[in-house]
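Novice: Take a look at the following structure, please.
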Amino acid sequence: MNTFQLQCFISVAQTLNFREAAEQNFITQPAFSRKIAELEKELDSELLYRSRHKVTLTRSGEKFYYRAKEILELEEKTKAEIADAARSESGHIRIAFLGTSSIGLAQLISRFTERHPQITLSIDLMNGNEINKALKERNYDFYFCSKNSVLNIRNMVTVRTETYPYCIYAHENRVARIDPENLASLEGLPFAFFPAEIGSIMYNEVMKICHKRGFYPIIKNFYNCAEAVIISVSADMGITILPQNILSNCSMYNIEIIPIPDEDASLRCVISWPEENSNPAADYFKATVDEMYPHTCRRADA
């Protein structure tokens, strides 16, 4: 039994005419009749009543007609699914990431590309406000960012990856007067940061940490990224407060890093993606995320 035989039987079951059914399948009527006879022999059952002027379905033929249609429909569905899988394996994924949330990104991408070399990736580094805009517009498949970036974005799946304490970054010459349990000890020291227009979420988080502890920093120098802030600290132009993982991107030998010892003073990094994503290649990336972070918290907004 093959799919062509099934198609031939469906044709004759619908037309009840051997000549017309043969024409629909582009074969001669004798060849068509042999196909049906071979099918009946294989099934050991008569499927059609034949007379000089009339063709009708037997009871077995009626049952087989519906089953033959199911088989052909399943074949078409299977072909479509395999084609979709093949397209996804050669698809493209867009990733947006915040520099402070990129520690696990390289390892994740390495594992993913090793398993799916035909899927290409575009990876865009963004500041805080750029990634907030990208989240609202949903023009990327995956976002590596802070938890606070996605708090007010609906219908997003969020996987927590790493948590890093916020730390005081200071030149080694200034460390002696700094008490991390009393941020008021920082009063009077020049403070370096980036403006809220570049990264409003982290800016607000740092100001909240400071104000809660009675410290109201006066920002003397603004920079366009966290790495530039670190360079200014290394040059002893001021102190700053940033997540601990910043120095993984910008290492300076003469900077002391002093963690702020409170749970609320921490950066929670996440991977987030739209709950509904029409990109079939994204499913493979999600599977890799599940492997790397199997026991982390997820949140999918209603």
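Lettering and numbering for the structure tokens are positional, with chains as A, B, ... in the shown order, residues counted from 1 in each chain, and ligands counted from 1 in the shown order.
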Env of Leu125 (chain A): 10 Å cut, atoms = only C-alpha atoms, seq-sep filter 3 positions within chain, self excluded. Answer as a PyMOL selection string.

Specialist: chain A and resi 95-99+102+128+130-131+144

Novice: Write out the residues from the selection above, keeping N, CA, C and O atoms, as a PDB file, in the first residue's frame.

Specialist:
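Output below, filename again.pdb:
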```pdb
ATOM      1  N   ILE A  95      18.999  38.981  19.355  1.00  0.00           N
ATOM      2  CA  ILE A  95      19.196  39.083  20.801  1.00  0.00           C
ATOM      3  C   ILE A  95      19.603  40.513  21.148  1.00  0.00           C
ATOM      4  O   ILE A  95      20.487  41.084  20.509  1.00  0.00           O
ATOM      5  N   ALA A  96      18.960  41.072  22.156  1.00  0.00           N
ATOM      6  CA  ALA A  96      19.355  42.374  22.714  1.00  0.00           C
ATOM      7  C   ALA A  96      19.889  42.129  24.113  1.00  0.00           C
ATOM      8  O   ALA A  96      19.303  41.346  24.862  1.00  0.00           O
ATOM      9  N   PHE A  97      20.994  42.776  24.452  1.00  0.00           N
ATOM     10  CA  PHE A  97      21.517  42.554  25.800  1.00  0.00           C
ATOM     11  C   PHE A  97      22.051  43.831  26.416  1.00  0.00           C
ATOM     12  O   PHE A  97      22.570  44.718  25.747  1.00  0.00           O
ATOM     13  N   LEU A  98      21.873  43.888  27.716  1.00  0.00           N
ATOM     14  CA  LEU A  98      22.400  44.962  28.538  1.00  0.00           C
ATOM     15  C   LEU A  98      23.767  44.522  29.032  1.00  0.00           C
ATOM     16  O   LEU A  98      23.930  43.386  29.477  1.00  0.00           O
ATOM     17  N   GLY A  99      24.764  45.397  28.955  1.00  0.00           N
ATOM     18  CA  GLY A  99      26.126  44.998  29.312  1.00  0.00           C
ATOM     19  C   GLY A  99      26.238  44.404  30.696  1.00  0.00           C
ATOM     20  O   GLY A  99      27.004  43.476  30.935  1.00  0.00           O
ATOM     21  N   SER A 102      25.219  40.339  30.902  1.00  0.00           N
ATOM     22  CA  SER A 102      25.739  39.508  29.811  1.00  0.00           C
ATOM     23  C   SER A 102      26.700  38.410  30.266  1.00  0.00           C
ATOM     24  O   SER A 102      27.333  37.774  29.434  1.00  0.00           O
ATOM     25  N   GLY A 128      20.484  51.019  29.055  1.00  0.00           N
ATOM     26  CA  GLY A 128      19.221  50.722  29.721  1.00  0.00           C
ATOM     27  C   GLY A 128      17.999  51.228  28.995  1.00  0.00           C
ATOM     28  O   GLY A 128      17.009  50.503  28.825  1.00  0.00           O
ATOM     29  N   GLU A 130      17.696  52.020  25.825  1.00  0.00           N
ATOM     30  CA  GLU A 130      17.544  51.359  24.524  1.00  0.00           C
ATOM     31  C   GLU A 130      16.880  50.005  24.673  1.00  0.00           C
ATOM     32  O   GLU A 130      16.008  49.636  23.874  1.00  0.00           O
ATOM     33  N   ILE A 131      17.273  49.266  25.712  1.00  0.00           N
ATOM     34  CA  ILE A 131      16.664  47.938  25.866  1.00  0.00           C
ATOM     35  C   ILE A 131      15.223  48.053  26.349  1.00  0.00           C
ATOM     36  O   ILE A 131      14.365  47.233  26.004  1.00  0.00           O
ATOM     37  N   PHE A 144      18.426  40.013  27.234  1.00  0.00           N
ATOM     38  CA  PHE A 144      19.228  39.780  28.431  1.00  0.00           C
ATOM     39  C   PHE A 144      19.291  41.123  29.155  1.00  0.00           C
ATOM     40  O   PHE A 144      19.938  42.064  28.674  1.00  0.00           O
TER      41      PHE A 144
END
```

Novice: So which bits of region 206-287 of chain A end up strand (DSSP E) when you DSSP the backbone, as a compact mmCIF listing (two decimals) with all heavy atoms, in the first residue's frame?

Specialist:
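Listed below is the output, out32.txt:
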```txt
# COMPACT_ATOMS: atom_id res chain seq x y z
N ILE A 219 26.39 64.20 41.74
CA ILE A 219 27.14 63.65 40.61
C ILE A 219 27.93 64.76 39.94
O ILE A 219 27.38 65.71 39.39
CB ILE A 219 26.19 62.97 39.60
CG1 ILE A 219 25.40 61.86 40.31
CG2 ILE A 219 26.97 62.39 38.42
CD1 ILE A 219 24.36 61.19 39.45
N LYS A 220 29.23 64.63 40.03
CA LYS A 220 30.13 65.64 39.47
C LYS A 220 30.43 65.38 37.99
O LYS A 220 30.63 66.30 37.22
CB LYS A 220 31.45 65.65 40.25
CG LYS A 220 31.31 66.02 41.71
CD LYS A 220 30.95 67.49 41.89
CE LYS A 220 30.99 67.91 43.33
NZ LYS A 220 30.65 69.33 43.51
N ASN A 221 30.48 64.10 37.64
CA ASN A 221 30.87 63.74 36.28
C ASN A 221 29.90 62.71 35.72
O ASN A 221 29.64 61.67 36.34
CB ASN A 221 32.29 63.15 36.26
CG ASN A 221 33.32 64.14 36.76
OD1 ASN A 221 33.54 65.18 36.16
ND2 ASN A 221 33.95 63.81 37.88
N PHE A 222 29.36 63.00 34.54
CA PHE A 222 28.47 62.07 33.85
C PHE A 222 29.21 61.43 32.69
O PHE A 222 30.00 62.09 32.01
CB PHE A 222 27.23 62.80 33.32
CG PHE A 222 26.22 63.13 34.37
CD1 PHE A 222 26.14 64.41 34.89
CD2 PHE A 222 25.34 62.17 34.84
CE1 PHE A 222 25.20 64.74 35.86
CE2 PHE A 222 24.39 62.47 35.81
CZ PHE A 222 24.33 63.75 36.32
N THR A 240 31.77 55.46 42.65
CA THR A 240 30.47 55.15 42.04
C THR A 240 29.89 53.94 42.73
O THR A 240 30.57 53.24 43.51
CB THR A 240 30.60 54.91 40.52
OG1 THR A 240 29.29 54.94 39.94
CG2 THR A 240 31.26 53.57 40.22
N ILE A 241 28.63 53.64 42.44
CA ILE A 241 27.96 52.43 42.89
C ILE A 241 27.38 51.74 41.67
O ILE A 241 26.56 52.32 40.95
CB ILE A 241 26.85 52.74 43.91
CG1 ILE A 241 27.47 53.31 45.20
CG2 ILE A 241 26.04 51.49 44.22
CD1 ILE A 241 26.45 53.76 46.23
N LEU A 242 27.83 50.52 41.43
CA LEU A 242 27.39 49.73 40.27
C LEU A 242 27.34 48.26 40.66
O LEU A 242 27.90 47.87 41.70
CB LEU A 242 28.36 49.93 39.10
CG LEU A 242 28.33 51.29 38.39
CD1 LEU A 242 29.51 51.42 37.45
CD2 LEU A 242 27.01 51.47 37.63
N PRO A 243 26.72 47.41 39.85
CA PRO A 243 26.71 45.98 40.16
C PRO A 243 28.12 45.38 40.14
O PRO A 243 29.00 45.85 39.43
CB PRO A 243 25.85 45.38 39.04
CG PRO A 243 25.05 46.51 38.53
CD PRO A 243 25.91 47.72 38.67
N ILE A 255 41.34 49.68 41.55
CA ILE A 255 39.99 49.93 42.06
C ILE A 255 39.65 48.89 43.12
O ILE A 255 39.86 47.69 42.93
CB ILE A 255 38.95 49.88 40.92
CG1 ILE A 255 39.14 51.05 39.97
CG2 ILE A 255 37.53 49.88 41.48
CD1 ILE A 255 38.18 51.06 38.79
N GLU A 256 39.12 49.37 44.22
CA GLU A 256 38.60 48.48 45.26
C GLU A 256 37.08 48.37 45.10
O GLU A 256 36.40 49.37 44.84
CB GLU A 256 38.94 49.03 46.65
CG GLU A 256 40.43 49.04 46.97
CD GLU A 256 41.00 47.64 47.18
OE1 GLU A 256 40.22 46.74 47.54
OE2 GLU A 256 42.21 47.46 46.98
N ILE A 257 36.59 47.15 45.25
CA ILE A 257 35.15 46.89 45.12
C ILE A 257 34.62 46.47 46.48
O ILE A 257 35.05 45.46 47.04
CB ILE A 257 34.87 45.78 44.09
CG1 ILE A 257 35.54 46.13 42.76
CG2 ILE A 257 33.37 45.58 43.90
CD1 ILE A 257 35.46 45.01 41.75
N ILE A 258 33.66 47.23 46.99
CA ILE A 258 33.15 47.00 48.35
C ILE A 258 31.65 46.73 48.26
O ILE A 258 30.85 47.64 48.00
CB ILE A 258 33.41 48.23 49.24
CG1 ILE A 258 34.88 48.65 49.15
CG2 ILE A 258 32.99 47.95 50.67
CD1 ILE A 258 35.16 50.02 49.71
N PRO A 259 31.22 45.47 48.44
CA PRO A 259 29.79 45.15 48.35
C PRO A 259 28.98 45.86 49.42
O PRO A 259 29.43 46.02 50.56
CB PRO A 259 29.75 43.63 48.56
CG PRO A 259 31.13 43.16 48.24
CD PRO A 259 32.04 44.27 48.65
N SER A 266 20.87 44.80 45.10
CA SER A 266 21.36 43.76 44.19
C SER A 266 20.72 43.91 42.82
O SER A 266 19.59 44.40 42.69
CB SER A 266 21.09 42.37 44.75
OG SER A 266 19.70 42.17 44.95
N LEU A 267 21.45 43.48 41.82
CA LEU A 267 20.97 43.46 40.44
C LEU A 267 20.57 42.04 40.10
O LEU A 267 21.38 41.12 40.17
CB LEU A 267 22.06 43.93 39.48
CG LEU A 267 21.74 43.79 37.99
CD1 LEU A 267 20.71 44.83 37.56
CD2 LEU A 267 23.00 43.92 37.15
N ARG A 268 19.31 41.85 39.71
CA ARG A 268 18.81 40.53 39.33
C ARG A 268 18.73 40.48 37.81
O ARG A 268 17.94 41.18 37.20
CB ARG A 268 17.46 40.27 39.97
CG ARG A 268 17.54 40.15 41.49
CD ARG A 268 16.17 40.11 42.16
NE ARG A 268 16.29 39.87 43.58
CZ ARG A 268 16.54 40.82 44.49
NH1 ARG A 268 16.70 42.07 44.08
NH2 ARG A 268 16.63 40.52 45.76
N CYS A 269 19.56 39.62 37.23
CA CYS A 269 19.63 39.49 35.77
C CYS A 269 18.65 38.44 35.28
O CYS A 269 18.43 37.41 35.95
CB CYS A 269 21.05 39.12 35.34
SG CYS A 269 22.29 40.33 35.83
N VAL A 270 18.07 38.66 34.12
CA VAL A 270 17.09 37.74 33.56
C VAL A 270 17.29 37.59 32.06
O VAL A 270 17.93 38.42 31.41
CB VAL A 270 15.63 38.21 33.82
CG1 VAL A 270 15.36 38.33 35.32
CG2 VAL A 270 15.35 39.53 33.11
N ILE A 271 16.74 36.50 31.53
CA ILE A 271 16.52 36.35 30.10
C ILE A 271 15.01 36.41 29.90
O ILE A 271 14.27 35.71 30.59
CB ILE A 271 17.06 35.02 29.56
CG1 ILE A 271 18.54 34.85 29.90
CG2 ILE A 271 16.86 34.92 28.05
CD1 ILE A 271 19.06 33.46 29.60
N SER A 272 14.57 37.22 28.97
CA SER A 272 13.13 37.37 28.77
C SER A 272 12.80 37.27 27.29
O SER A 272 13.62 37.62 26.43
CB SER A 272 12.69 38.74 29.33
OG SER A 272 11.29 38.83 29.35
N TRP A 273 11.60 36.76 27.01
CA TRP A 273 11.15 36.69 25.62
C TRP A 273 9.62 36.76 25.58
O TRP A 273 8.94 36.44 26.56
CB TRP A 273 11.64 35.42 24.93
CG TRP A 273 11.18 34.12 25.55
CD1 TRP A 273 10.00 33.45 25.32
CD2 TRP A 273 11.91 33.31 26.49
NE1 TRP A 273 9.95 32.30 26.05
CE2 TRP A 273 11.11 32.18 26.78
CE3 TRP A 273 13.16 33.44 27.11
CZ2 TRP A 273 11.52 31.18 27.67
CZ3 TRP A 273 13.57 32.45 28.00
CH2 TRP A 273 12.75 31.34 28.27
N PRO A 274 9.05 37.19 24.45
CA PRO A 274 7.60 37.28 24.33
C PRO A 274 6.96 35.90 24.49
O PRO A 274 7.46 34.89 23.99
CB PRO A 274 7.38 37.82 22.91
CG PRO A 274 8.66 38.51 22.57
CD PRO A 274 9.74 37.72 23.25
```

Novice: Using only C-alpha atoms, which protein or nucleic acid residues come within 12 Å of Asn173 (chain A)? Drop anything in the same chain fewer than 3 positions from it, and give the result as a list in words.

Specialist: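 My list of contacting residues is Tyr169, Ala170, Ala176, Arg177, Ile178, Val233, Ser234, Ala235, Asp236, Met237, Gly238, Ile239, Asn254, Ile255 and Glu256 of chain A.
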
Novice: From the list A:Val157, A:Leu6, A:Met207, A:Ile260, which residue is nearest Ile71 (chain A) when using only C-alpha atoms?

Specialist: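 Among the listed residues, A:Leu6 lies closest to Ile71 (chain A).
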
Novice: Point out the residue among A:Glu276, A:Glu23, A:Asp283, A:Asp179 with the least atom-to-atom distance to Arg138 (chain A), counting only C-alpha atoms.

Specialist: A:Glu276
